[in-house]
file data.cif (mmCIF, C-alpha atoms)
data_entry
#
loop_
_atom_site.label_atom_id
_atom_site.label_comp_id
_atom_site.auth_asym_id
_atom_site.auth_seq_id
_atom_site.Cartn_x
_atom_site.Cartn_y
_atom_site.Cartn_z
CA MET C 1 0.00 0.00 0.00
CA SER C 2 1.16 3.49 -0.80
CA THR C 3 2.09 5.90 1.99
CA ARG C 4 0.66 9.34 1.24
CA ALA C 5 1.45 12.83 2.45
CA ILE C 6 0.69 16.49 1.99
CA VAL C 7 3.67 18.79 1.34
CA ALA C 8 2.80 22.29 2.49
CA TYR C 9 4.05 25.69 3.58
CA SER C 10 2.77 28.06 6.25
CA SER C 11 1.58 31.61 5.70
CA ALA C 12 1.72 34.64 7.99
CA ASP C 13 -2.07 34.51 8.43
CA GLY C 14 -1.84 31.22 10.38
CA THR C 15 -2.83 28.92 7.55
CA TRP C 16 -1.00 26.32 5.51
CA LYS C 17 -1.40 25.32 1.86
CA GLY C 18 -0.14 22.11 0.34
CA VAL C 19 -0.20 19.49 -2.39
CA TRP C 20 -0.43 15.71 -2.50
CA ASN C 21 2.45 13.21 -2.63
CA ASP C 22 1.12 9.75 -3.44
CA SER C 23 3.96 7.37 -2.62
CA GLN C 24 6.92 6.69 -0.33
CA SER C 25 5.95 9.54 1.97
CA GLU C 26 7.59 8.30 5.18
CA PRO C 27 10.04 10.77 6.78
CA GLN C 28 13.05 8.62 5.90
CA ASN C 29 11.97 8.78 2.24
CA LEU C 30 10.01 11.94 1.42
CA GLY C 31 11.51 13.83 4.36
CA ARG C 32 14.99 13.10 3.03
CA VAL C 33 13.92 14.26 -0.46
CA LEU C 34 12.50 17.53 0.89
CA ILE C 35 15.67 18.23 2.88
CA ARG C 36 17.81 17.55 -0.20
CA ARG C 37 15.64 19.81 -2.38
CA VAL C 38 16.01 22.72 0.06
CA SER C 39 19.75 22.06 0.19
CA SER C 40 20.02 21.96 -3.63
CA LEU C 41 18.26 25.34 -3.74
CA LYS C 42 20.93 26.72 -1.36
CA GLY C 43 18.32 27.30 1.36
CA ASP C 44 15.98 29.39 -0.80
CA LEU C 45 12.68 28.42 0.84
CA ASP C 46 10.65 30.71 -1.45
CA ALA C 47 12.08 28.89 -4.48
CA PHE C 48 11.15 25.55 -2.90
CA VAL C 49 7.56 26.69 -2.33
CA ALA C 50 7.30 28.08 -5.87
CA GLN C 51 8.76 24.98 -7.54
CA PHE C 52 7.33 22.10 -5.52
CA ILE C 53 4.01 23.44 -4.20
CA GLU C 54 2.73 26.46 -6.13
CA ALA C 55 3.89 25.16 -9.54
CA CYS C 56 2.34 21.72 -8.96
CA PRO C 57 -1.28 22.16 -7.78
CA GLU C 58 -2.11 18.75 -9.25
CA GLY C 59 0.23 17.14 -6.70
CA TRP C 60 2.89 14.49 -7.05
CA VAL C 61 2.79 10.79 -7.69
CA ALA C 62 6.40 10.88 -6.47
CA LEU C 63 8.12 14.20 -5.78
CA ASP C 64 11.50 12.46 -5.68
CA ARG C 65 11.10 11.49 -9.35
CA HIS C 66 9.38 14.76 -10.37
CA GLU C 67 6.38 12.64 -11.38
CA ARG C 68 3.19 14.71 -11.29
CA CYS C 69 -0.30 13.31 -10.67
CA ALA C 70 -2.23 12.64 -13.86
CA ASP C 71 -5.47 12.84 -11.86
CA PRO C 72 -5.17 16.09 -9.86
CA SER C 73 -6.22 15.93 -6.22
CA GLY C 74 -6.29 19.71 -5.74
CA VAL C 75 -4.74 21.81 -3.02
CA PHE C 76 -5.07 21.17 0.70
CA GLY C 77 -5.20 23.58 3.61
CA GLY C 78 -5.58 24.08 7.30
CA GLN C 79 -4.40 26.08 10.28
CA PHE C 80 -0.89 26.26 11.72
CA ASP C 81 0.19 28.35 14.70
CA GLY C 82 3.90 27.54 14.47
CA VAL C 83 3.59 24.28 16.42
CA VAL C 84 0.05 22.87 16.24
CA ALA C 85 -1.62 22.13 12.91
CA THR C 86 -5.10 21.12 11.80
CA CYS C 87 -6.32 19.85 8.44
CA ASN C 88 -9.41 21.46 6.97
CA PRO C 89 -11.61 18.98 5.07
CA ALA C 90 -13.65 21.91 3.71
CA VAL C 91 -10.57 22.86 1.63
CA ASN C 92 -10.13 19.29 0.38
CA PRO C 93 -11.99 16.26 1.82
CA LEU C 94 -9.08 13.96 0.90
CA CYS C 95 -6.87 15.50 3.61
CA PHE C 96 -7.46 12.61 6.02
CA ASP C 97 -6.40 10.07 3.36
CA ALA C 98 -2.81 11.24 3.91
CA GLN C 99 -0.69 9.63 6.61
CA TYR C 100 1.76 12.54 6.95
CA LEU C 101 1.74 16.31 6.71
CA TYR C 102 4.99 18.17 6.04
CA ILE C 103 4.88 21.92 6.70
CA LEU C 104 7.71 24.20 5.67
CA HIS C 105 7.58 27.17 8.07
CA PRO C 106 9.66 29.95 6.43
CA PRO C 107 9.72 32.43 9.36
CA LYS C 108 11.67 29.94 11.49
CA ARG C 109 13.28 28.11 8.51
CA ARG C 110 11.82 24.82 9.76
CA LEU C 111 10.33 21.71 8.22
CA PHE C 112 7.86 19.91 10.47
CA VAL C 113 6.35 16.44 9.99
CA PHE C 114 3.04 15.38 11.55
CA HIS C 115 0.90 12.22 11.61
CA VAL C 116 -2.41 13.31 10.04
CA GLU C 117 -5.39 13.00 12.37
CA ASN C 118 -8.83 14.61 12.57
CA ARG C 119 -7.87 16.80 15.53
CA PRO C 120 -5.15 19.36 16.35
CA ILE C 121 -1.77 17.69 15.80
CA ARG C 122 1.76 18.33 17.02
CA PRO C 123 4.89 17.47 15.02
CA PHE C 124 6.86 14.33 15.80
CA GLY C 125 9.87 15.56 13.84
CA MET C 126 11.50 18.81 12.78
CA VAL C 127 14.62 20.15 11.09
CA THR C 128 15.86 23.73 10.95
CA PHE C 129 17.64 25.02 7.85
CA ASP C 130 20.58 27.39 8.05
CA PRO C 131 20.74 30.19 5.43
CA ALA C 132 22.70 27.93 3.05
CA GLY C 133 20.10 25.13 3.29
CA LYS C 134 21.89 22.74 5.64
CA ALA C 135 19.42 20.93 7.92
CA LYS C 136 19.94 20.48 11.65
CA PRO C 137 19.45 17.72 12.62
CA PRO C 138 20.36 16.31 9.19
CA LYS C 139 17.27 14.07 8.93
CA LEU C 140 13.76 13.48 10.19
CA PRO C 141 12.85 10.47 12.40
CA VAL C 142 12.68 7.01 10.84
CA ILE C 143 9.24 5.38 10.87
CA GLU C 144 9.20 1.61 11.10
CA PRO C 145 6.66 -0.08 8.79
CA GLU C 146 3.64 -1.58 10.50
CA ASP C 147 3.23 -5.34 10.25
#

call {"tool": "encode", "arguments": {"input": "data.cif", "output": "structure tokens"}}
result
Amino acid sequence: MSTRAIVAYSSADGTWKGVWNDSQSEPQNLGRVLIRRVSSLKGDLDAFVAQFIEACPEGWVALDRHERCADPSGVFGGQFDGVVATCNPAVNPLCFDAQYLYILHPPKRRLFVFHVENRPIRPFGMVTFDPAGKAKPPKLPVIEPED
């Protein structure tokens, strides 16, 4: 079964906006890809948002392979206060079909990862990017597959 996620960024108004990633979305996979993309852009978080979220509203089959969804799932959204996030099914009812939510928070140069649930959620992992795009810690937590 495919592990799905939403890749998003936060806005100053306390909301987040994101797109779908349909496969290999565990932190040790998609998280690693997101960290590498920010690094390859030399820490330019605005360029990351423009290239991987705003320029791909149809979402990704696999962001790591630059493979876009042929059947667009639309954008997703919710609230984010800098620590706690919620998913808004009124923006897109598919939000609870994702297992993970990744939020890039530009004001603090952080990437958070959450388990998606139908309630306010707190991150279980986070990295902070320096101005050159180097992540500290260098990776997100590893999630063991369920039996």

call {"tool": "resolve_selection", "arguments": {"input": "data.cif", "expression": "the PyMOL selection byres ((chain C and resi 22-26) around 7)", "output": "list in words"}}
result
Ser2, Thr3, Arg4, Ala5, Trp20, Asn21, Pro27, Gln28, Asn29, Leu30, Gly31, Trp60, Val61, Ala62 and Ile143 of chain C

call {"tool": "write_last_selection", "arguments": {"input": "data.cif", "atoms": "C-alpha atoms", "output": "short mmCIF file (atom, residue, chain, number, x, y, z; two decimals), in the coordinates of the input"}}
result
data_model
loop_
_atom_site.label_atom_id
_atom_site.label_comp_id
_atom_site.auth_asym_id
_atom_site.auth_seq_id
_atom_site.Cartn_x
_atom_site.Cartn_y
_atom_site.Cartn_z
CA SER C 2 1.16 3.49 -0.80
CA THR C 3 2.09 5.90 1.99
CA ARG C 4 0.66 9.34 1.24
CA ALA C 5 1.45 12.83 2.45
CA TRP C 20 -0.43 15.71 -2.50
CA ASN C 21 2.45 13.21 -2.63
CA PRO C 27 10.04 10.77 6.78
CA GLN C 28 13.05 8.62 5.90
CA ASN C 29 11.97 8.78 2.24
CA LEU C 30 10.01 11.94 1.42
CA GLY C 31 11.51 13.83 4.36
CA TRP C 60 2.89 14.49 -7.05
CA VAL C 61 2.79 10.79 -7.69
CA ALA C 62 6.40 10.88 -6.47
CA ILE C 143 9.24 5.38 10.87
#

call {"tool": "resolve_selection", "arguments": {"input": "data.cif", "expression": "the PyMOL selection byres ((chain C and resi 88-101) around 8)", "output": "NGL selection string"}}
result
:C and (3-8 or 25-26 or 73-79 or 86-87 or 102-103 or 113-118)

call {"tool": "atom_distance", "arguments": {"input": "data.cif", "atom1": "CA of Leu34 in chain C", "atom2": "CA of Phe112 in chain C"}}
result
10.9 Å

call {"tool": "closest_residue", "arguments": {"input": "data.cif", "among": "C:Leu111, C:Val19, C:Val142, C:Val83", "to": "Val127 in chain C", "atoms": "all atoms listed in the file"}}
result
C:Leu111

call {"tool": "closest_residue", "arguments": {"input": "data.cif", "among": "C:Thr15, C:Pro72, C:Met126, C:Phe48", "to": "Lys108 in chain C", "atoms": "all atoms listed in the file"}}
result
C:Met126

call {"tool": "atom_distance", "arguments": {"input": "data.cif", "atom1": "CA of Ser39 in chain C", "atom2": "CA of Asp71 in chain C"}}
result
29.4 Å

call {"tool": "resolve_selection", "arguments": {"input": "data.cif", "expression": "the PyMOL selection byres ((chain C and resi 132) around 6)", "output": "VMD selection string"}}
result
chain C and resid 42 to 43 130 to 131 133 to 134

call {"tool": "atom_distance", "arguments": {"input": "data.cif", "atom1": "CA of Leu104 in chain C", "atom2": "CA of Ile35 in chain C"}}
result
10.3 Å

call {"tool": "axis_aligned_box", "arguments": {"input": "data.cif", "around": "range 114-128 of chain C", "padding_each_side": "5 Å", "output": "lines of an AutoDock Vina configuration file"}}
result
center_x = 3.5
center_y = 18.0
center_z = 13.5
size_x = 34.7
size_y = 21.5
size_z = 17.0

call {"tool": "residues_around", "arguments": {"input": "data.cif", "residues": "Val84 in chain C", "least_positions_apart": "2", "cutoff": "6 Å", "atoms": "all atoms listed in the file", "output": "PyMOL selection string"}}
result
chain C and resi 80-81+121-122
